[in-house]
2 protein chains.
Amino acid sequence: MNIHSSPSFRPLYDQIKILITQSLIAGEWRPGDAIPSEIDLASRFKVSQGTVRKAIDELAAENILIRRQGKGTFVASHSQERASTRFLRIARDEGVFEYPTSQLLSVTRERAPEGSASLLDLRTGASIFCIKRLLSFEGIPRIFDEIHVPAVSFKGLDDAMIRNYTGSLYSFFESHFGIAMIRAEEHIKAVKAGPVEAELLHVNLDQPLLRVDRVAFTYGDRPVEWRRGLCHTERFSYVTEMS
Amino acid sequence: MNIHSSPSFRPLYDQIKILITQSLIAGEWRPGDAIPSEIDLASRFKVSQGTVRKAIDELAAENILIRRQGKGTFVASHSQERASTRFLRIARDEGVFEYPTSQLLSVTRERAPEGSASLLDLRTGASIFCIKRLLSFEGIPRIFDEIHVPAVSFKGLDDAMIRNYTGSLYSFFESHFGIAMIRAEEHIKAVKAGPVEAELLHVNLDQPLLRVDRVAFTYGDRPVEWRRGLCHTERFSYVTEMS
DNA sequence: GAGTGGTCTAGACCACCCC
DNA sequence: GGGTGGTCTAGACCACTCT
């Protein structure tokens, strides 16, 4: 098996990562499913088990797959993950973590404004769904979210569907539209509360809020969600780690 | 080599990670140094090269070591890293990244207040150094930092030393005190500018600022720095990624 | 050419899970 | 007991860097 024919050498395990990713994009294995065993994949791709292992190791490090000793390797899912604090970085300063409750404000069909359109690789004016909601911790409204997703990828989305679903929004996107969020980038600023968010979050006008702009990506680094969260950070913080 | 004697089984490569970390703590290899080759380490630890590889792979994934094909494996350093954006997450919304300039305001010896003391595993009132500085982007002051470090680990620190040093603060800590920062946790809030920071950052009183509290750790997950940054985020953002 | 890390293989055996 | 992932080894060969 001579793949060492440079130039532009690409390791075997890297090519296998791509093949696995393509199967994920194609929906051959869906979030929560077990993928074939390492031995099966090795024989399918005609490589050694060690090479498959390395490919899976990297996908697991990216939180795309999850390994469970003795059971198998699974497609990461927002539905079954314990403590879905993975994309929710707001937490109490002290005390136990409590999952927020969500109040849906509106779901509308809109034309994408320039900002979110370009970040979602859409043309300005493309059709999107705009979701507005309020997240509350301990009964107190803390985060006002405005969420844009391309209408073409989320055909038929409406407020009743969301209201009838119990679970996180990303878990809803997975089960109803087969779109799994695997990565996100956020830009954070401190801003003054405007009239809308002041009323929703029960704060005075011009109170400082955290403004968290996010772009989330699915398999193959395809951007599929833009959102802006306005967050009242009294007794709460946005938590990050770096290394 | 039978290490598979459960209970409380610990893989060999994990034990070797610990041994390498201990050498880093002991200062056997310092930031910027090359560590011995994989073959040398394998014979020193009496394991196969593959096992050493796995240990080094994980330390490299944690940004503690840096592999360079054909050259060797090196201890990560804040001095020689290209684009030390690793612990500086504030960037312009658009345009090219420009490294900020630092203006040292004061270096004083203080008694640790309760907050930073407990986060640094010190008793309240322990001796610390308090560094205050102002970071400017494009000539405009953007971040007011207050930094606490234990006096016992930073013996002899004074403002002249910092002023005479060109380079980042963490690179200074490395070269003068042998303390390498490898990981940090941050808690972010939106707050109103008080009188001190309003003047320093040239903003009105009560303007919203980002308040970024950080605890930074060195080898062995030992906390050695607490800092609070107040940041004026007009045209700038705090950038994060998650997966 | 010598030395380093990087890739790939084949095989043995262990830890874990479930039937 | 049989299947899964997890660890460890030994060896071959490639890619990169420096001398």
# chains A, B, ... in the order shown; residues from 1 in each chain; ligands from 1
call {"tool": "interface_residues", "arguments": {"of": "chain A", "to": "chain B", "cutoff": "8 Å", "atoms": "only C-alpha atoms", "output": "ChimeraX atom specification"}}
result
/A:62-63,86-87,182-192,207-210,232-234,236-243
call {"tool": "write_last_selection", "arguments": {"atoms": "N, CA, C and O atoms", "output": "short mmCIF file (atom, residue, chain, number, x, y, z; two decimals), in the first residue's frame"}}
result
data_model
loop_
_atom_site.label_atom_id
_atom_site.label_comp_id
_atom_site.auth_asym_id
_atom_site.auth_seq_id
_atom_site.Cartn_x
_atom_site.Cartn_y
_atom_site.Cartn_z
N GLU A 62 -12.45 15.87 18.08
CA GLU A 62 -13.24 17.01 17.60
C GLU A 62 -14.70 16.90 18.04
O GLU A 62 -15.54 17.68 17.58
N ASN A 63 -15.00 15.93 18.88
CA ASN A 63 -16.36 15.73 19.39
C ASN A 63 -17.36 15.41 18.29
O ASN A 63 -18.54 15.72 18.41
N ARG A 86 -22.12 21.81 26.42
CA ARG A 86 -21.10 21.91 25.39
C ARG A 86 -21.20 23.22 24.60
O ARG A 86 -20.19 23.82 24.29
N PHE A 87 -22.40 23.65 24.29
CA PHE A 87 -22.55 24.90 23.56
C PHE A 87 -23.25 25.96 24.40
O PHE A 87 -23.61 27.01 23.89
N ILE A 182 -21.61 20.81 15.09
CA ILE A 182 -20.41 20.21 15.67
C ILE A 182 -19.37 21.22 16.11
O ILE A 182 -18.43 20.88 16.82
N ARG A 183 -19.52 22.47 15.73
CA ARG A 183 -18.50 23.46 16.04
C ARG A 183 -19.13 24.84 15.96
O ARG A 183 -20.10 25.03 15.21
N ALA A 184 -18.63 25.79 16.74
CA ALA A 184 -19.16 27.14 16.67
C ALA A 184 -18.07 28.15 16.99
O ALA A 184 -17.13 27.86 17.73
N GLU A 185 -18.21 29.33 16.41
CA GLU A 185 -17.32 30.44 16.71
C GLU A 185 -18.15 31.55 17.31
O GLU A 185 -19.25 31.84 16.83
N GLU A 186 -17.63 32.20 18.35
CA GLU A 186 -18.39 33.27 18.99
C GLU A 186 -17.57 34.55 19.10
O GLU A 186 -16.36 34.49 19.35
N HIS A 187 -18.26 35.66 18.90
CA HIS A 187 -17.66 36.98 19.09
C HIS A 187 -18.47 37.70 20.16
O HIS A 187 -19.69 37.84 20.02
N ILE A 188 -17.79 38.18 21.17
CA ILE A 188 -18.47 38.73 22.33
C ILE A 188 -18.13 40.19 22.55
O ILE A 188 -16.97 40.59 22.42
N LYS A 189 -19.16 40.96 22.86
CA LYS A 189 -19.00 42.38 23.17
C LYS A 189 -19.83 42.73 24.40
O LYS A 189 -20.74 41.98 24.76
N ALA A 190 -19.53 43.86 24.99
CA ALA A 190 -20.40 44.43 26.02
C ALA A 190 -21.19 45.56 25.39
O ALA A 190 -20.60 46.43 24.75
N VAL A 191 -22.51 45.51 25.53
CA VAL A 191 -23.35 46.53 24.90
C VAL A 191 -24.39 47.05 25.91
O VAL A 191 -24.61 46.45 26.97
N LYS A 192 -25.05 48.15 25.54
CA LYS A 192 -26.14 48.68 26.36
C LYS A 192 -27.44 48.02 25.97
O LYS A 192 -27.70 47.79 24.79
N GLN A 207 -28.51 49.29 30.62
CA GLN A 207 -27.76 48.35 31.46
C GLN A 207 -26.77 47.57 30.60
O GLN A 207 -27.08 47.26 29.45
N PRO A 208 -25.58 47.26 31.12
CA PRO A 208 -24.63 46.49 30.32
C PRO A 208 -25.10 45.04 30.14
O PRO A 208 -25.55 44.40 31.09
N LEU A 209 -25.03 44.55 28.90
CA LEU A 209 -25.35 43.16 28.58
C LEU A 209 -24.20 42.57 27.78
O LEU A 209 -23.46 43.28 27.11
N LEU A 210 -24.09 41.25 27.87
CA LEU A 210 -23.14 40.55 27.01
C LEU A 210 -23.84 40.28 25.68
O LEU A 210 -24.96 39.78 25.65
N HIS A 232 -27.95 38.91 30.29
CA HIS A 232 -27.86 39.67 31.54
C HIS A 232 -26.98 38.88 32.50
O HIS A 232 -27.36 37.81 32.97
N THR A 233 -25.80 39.41 32.81
CA THR A 233 -24.79 38.59 33.52
C THR A 233 -24.70 38.88 35.02
O THR A 233 -23.67 38.69 35.63
N GLU A 234 -25.79 39.35 35.60
CA GLU A 234 -25.76 39.51 37.05
C GLU A 234 -25.78 38.12 37.70
O GLU A 234 -26.69 37.34 37.46
N PHE A 236 -24.21 35.69 36.89
CA PHE A 236 -23.88 34.68 35.89
C PHE A 236 -22.64 35.11 35.10
O PHE A 236 -22.33 36.31 35.04
N SER A 237 -21.93 34.14 34.55
CA SER A 237 -20.75 34.45 33.73
C SER A 237 -20.73 33.58 32.50
O SER A 237 -21.28 32.48 32.48
N TYR A 238 -20.03 34.09 31.51
CA TYR A 238 -19.69 33.31 30.33
C TYR A 238 -18.36 32.65 30.64
O TYR A 238 -17.39 33.33 31.00
N VAL A 239 -18.29 31.35 30.53
CA VAL A 239 -17.10 30.61 30.97
C VAL A 239 -16.34 30.03 29.78
O VAL A 239 -16.95 29.42 28.90
N THR A 240 -15.05 30.24 29.74
CA THR A 240 -14.21 29.70 28.68
C THR A 240 -12.95 29.11 29.27
O THR A 240 -12.54 29.45 30.37
N GLU A 241 -12.36 28.21 28.49
CA GLU A 241 -11.06 27.69 28.87
C GLU A 241 -10.16 27.78 27.66
O GLU A 241 -10.63 27.69 26.53
N MET A 242 -8.87 27.97 27.91
CA MET A 242 -7.96 27.98 26.77
C MET A 242 -6.65 27.33 27.13
O MET A 242 -6.27 27.26 28.29
N SER A 243 -5.98 26.85 26.11
CA SER A 243 -4.68 26.23 26.33
C SER A 243 -3.89 26.30 25.03
O SER A 243 -2.76 25.88 25.00
#
call {"tool": "residues_around", "arguments": {"residues": "Lys54 in chain A", "least_positions_apart": "4", "cutoff": "10 Å", "atoms": "only C-alpha atoms (C1' of nucleotides)", "output": "list in words"}}
result
Leu12, Tyr13, Asp14, Ile16, Lys17, Gln49, Gly50, Glu58, Leu59 and Ala60 of chain A
call {"tool": "interface_residues", "arguments": {"of": "chain C", "to": "chain A", "cutoff": "10 Å", "atoms": "only C-alpha atoms (C1' of nucleotides)", "output": "count of residues only"}}
result
9
call {"tool": "interface_residues", "arguments": {"of": "chain D", "to": "chain B", "cutoff": "12 Å", "atoms": "only C-alpha atoms (C1' of nucleotides)", "output": "list in words"}}
result
DG6, DT7, DC8, DT9, DA10, DG11, DC14, DA15, DC16, DT17 and DC18 of chain D
call {"tool": "select_by_dssp", "arguments": {"residues": "range 161-243 of chain B", "states": "strand (DSSP E)", "output": "PDB file with C-alpha atoms, in the first residue's frame"}}
result
ATOM      1  CA  ARG B 183      -3.783  26.796  30.519  1.00  0.00           C
ATOM      2  CA  ALA B 184      -6.309  29.369  31.673  1.00  0.00           C
ATOM      3  CA  GLU B 185      -9.952  29.619  32.652  1.00  0.00           C
ATOM      4  CA  GLU B 186     -11.928  32.799  32.093  1.00  0.00           C
ATOM      5  CA  HIS B 187     -15.223  34.119  33.431  1.00  0.00           C
ATOM      6  CA  ILE B 188     -16.745  36.984  31.485  1.00  0.00           C
ATOM      7  CA  LYS B 189     -19.361  39.534  32.444  1.00  0.00           C
ATOM      8  CA  ALA B 190     -20.685  42.820  31.112  1.00  0.00           C
ATOM      9  CA  VAL B 191     -20.207  45.648  33.642  1.00  0.00           C
ATOM     10  CA  LYS B 192     -20.452  49.423  33.877  1.00  0.00           C
ATOM     11  CA  PRO B 208     -20.548  48.881  29.137  1.00  0.00           C
ATOM     12  CA  LEU B 209     -17.222  47.055  29.398  1.00  0.00           C
ATOM     13  CA  LEU B 210     -16.265  43.417  29.176  1.00  0.00           C
ATOM     14  CA  ARG B 211     -14.902  42.153  32.477  1.00  0.00           C
ATOM     15  CA  VAL B 212     -12.688  39.130  31.914  1.00  0.00           C
ATOM     16  CA  ASP B 213     -11.508  37.274  35.024  1.00  0.00           C
ATOM     17  CA  ARG B 214      -8.761  34.756  34.426  1.00  0.00           C
ATOM     18  CA  VAL B 215      -6.927  32.116  36.404  1.00  0.00           C
ATOM     19  CA  ALA B 216      -3.835  30.799  34.643  1.00  0.00           C
ATOM     20  CA  PHE B 217      -2.089  27.523  35.423  1.00  0.00           C
ATOM     21  CA  THR B 218       1.417  26.172  35.008  1.00  0.00           C
ATOM     22  CA  ARG B 222      -0.931  24.753  39.561  1.00  0.00           C
ATOM     23  CA  PRO B 223      -2.691  28.159  39.545  1.00  0.00           C
ATOM     24  CA  VAL B 224      -0.129  30.974  39.471  1.00  0.00           C
ATOM     25  CA  GLU B 225      -1.873  34.038  38.129  1.00  0.00           C
ATOM     26  CA  TRP B 226      -5.171  35.777  38.653  1.00  0.00           C
ATOM     27  CA  ARG B 227      -6.120  38.712  36.506  1.00  0.00           C
ATOM     28  CA  ARG B 228      -9.064  40.930  35.769  1.00  0.00           C
ATOM     29  CA  GLY B 229      -9.236  42.699  32.440  1.00  0.00           C
ATOM     30  CA  LEU B 230     -11.695  45.493  31.739  1.00  0.00           C
ATOM     31  CA  CYS B 231     -12.135  45.855  28.045  1.00  0.00           C
ATOM     32  CA  PHE B 236     -13.293  44.875  19.046  1.00  0.00           C
ATOM     33  CA  SER B 237     -14.571  41.488  20.170  1.00  0.00           C
ATOM     34  CA  TYR B 238     -13.624  38.655  22.451  1.00  0.00           C
ATOM     35  CA  VAL B 239     -13.310  35.627  20.161  1.00  0.00           C
ATOM     36  CA  THR B 240     -13.891  32.006  21.137  1.00  0.00           C
ATOM     37  CA  GLU B 241     -14.345  28.731  19.432  1.00  0.00           C
ATOM     38  CA  MET B 242     -16.029  25.628  20.745  1.00  0.00           C
TER      39      MET B 242
END
call {"tool": "closest_residue", "arguments": {"among": "B:Asp40, B:Thr21, B:Gly167, B:Gly32", "to": "DG3 in chain C", "atoms": "only C-alpha atoms (C1' of nucleotides)"}}
result
B:Asp40
call {"tool": "atom_distance", "arguments": {"atom1": "CA of Gly156 in chain B", "atom2": "CA of Gly27 in chain B"}}
result
19.5 Å
call {"tool": "select_by_dssp", "arguments": {"residues": "range 32-238 of chain A", "states": "alpha helix (DSSP H)", "output": "VMD selection string"}}
result
chain A and resid 38 to 45 49 to 61 114 to 119 159 to 163 169 to 177 195 to 200
call {"tool": "atom_distance", "arguments": {"atom1": "CA of Ala160 in chain B", "atom2": "CA of Ala180 in chain B"}}
result
20.9 Å
call {"tool": "atom_distance", "arguments": {"atom1": "CA of Arg67 in chain A", "atom2": "C1' of DG5 in chain D"}}
result
7.4 Å
call {"tool": "residues_around", "arguments": {"residues": "Gln15 in chain B", "least_positions_apart": "5", "cutoff": "9 Å", "atoms": "only C-alpha atoms (C1' of nucleotides)", "output": "number ranges by chain"}}
result
B: 10, 20, 55
call {"tool": "decode", "arguments": {"residues": "chain D", "atoms": "C-alpha atoms (C1' of nucleotides)", "output": "mmCIF file, in the first residue's frame"}}
result
data_model
loop_
_atom_site.group_PDB
_atom_site.id
_atom_site.type_symbol
_atom_site.label_atom_id
_atom_site.label_comp_id
_atom_site.auth_asym_id
_atom_site.auth_seq_id
_atom_site.Cartn_x
_atom_site.Cartn_y
_atom_site.Cartn_z
ATOM 1 C "C1'" DG D 1 -18.074 -16.261 25.393
ATOM 2 C "C1'" DG D 2 -17.789 -13.147 21.903
ATOM 3 C "C1'" DG D 3 -17.561 -8.494 20.419
ATOM 4 C "C1'" DT D 4 -15.988 -3.861 21.138
ATOM 5 C "C1'" DG D 5 -12.546 -0.426 22.030
ATOM 6 C "C1'" DG D 6 -7.752 0.256 24.529
ATOM 7 C "C1'" DT D 7 -2.846 -0.675 25.166
ATOM 8 C "C1'" DC D 8 1.677 -2.122 23.885
ATOM 9 C "C1'" DT D 9 5.154 -3.872 20.963
ATOM 10 C "C1'" DA D 10 8.452 -4.409 16.933
ATOM 11 C "C1'" DG D 11 9.625 -3.358 12.588
ATOM 12 C "C1'" DA D 12 9.576 -1.176 8.025
ATOM 13 C "C1'" DC D 13 9.598 2.737 5.546
ATOM 14 C "C1'" DC D 14 8.612 7.880 4.443
ATOM 15 C "C1'" DA D 15 9.125 13.043 5.113
ATOM 16 C "C1'" DC D 16 11.669 16.671 6.835
ATOM 17 C "C1'" DT D 17 15.866 19.226 8.498
ATOM 18 C "C1'" DC D 18 20.503 20.115 8.937
ATOM 19 C "C1'" DT D 19 25.307 19.350 8.043
#
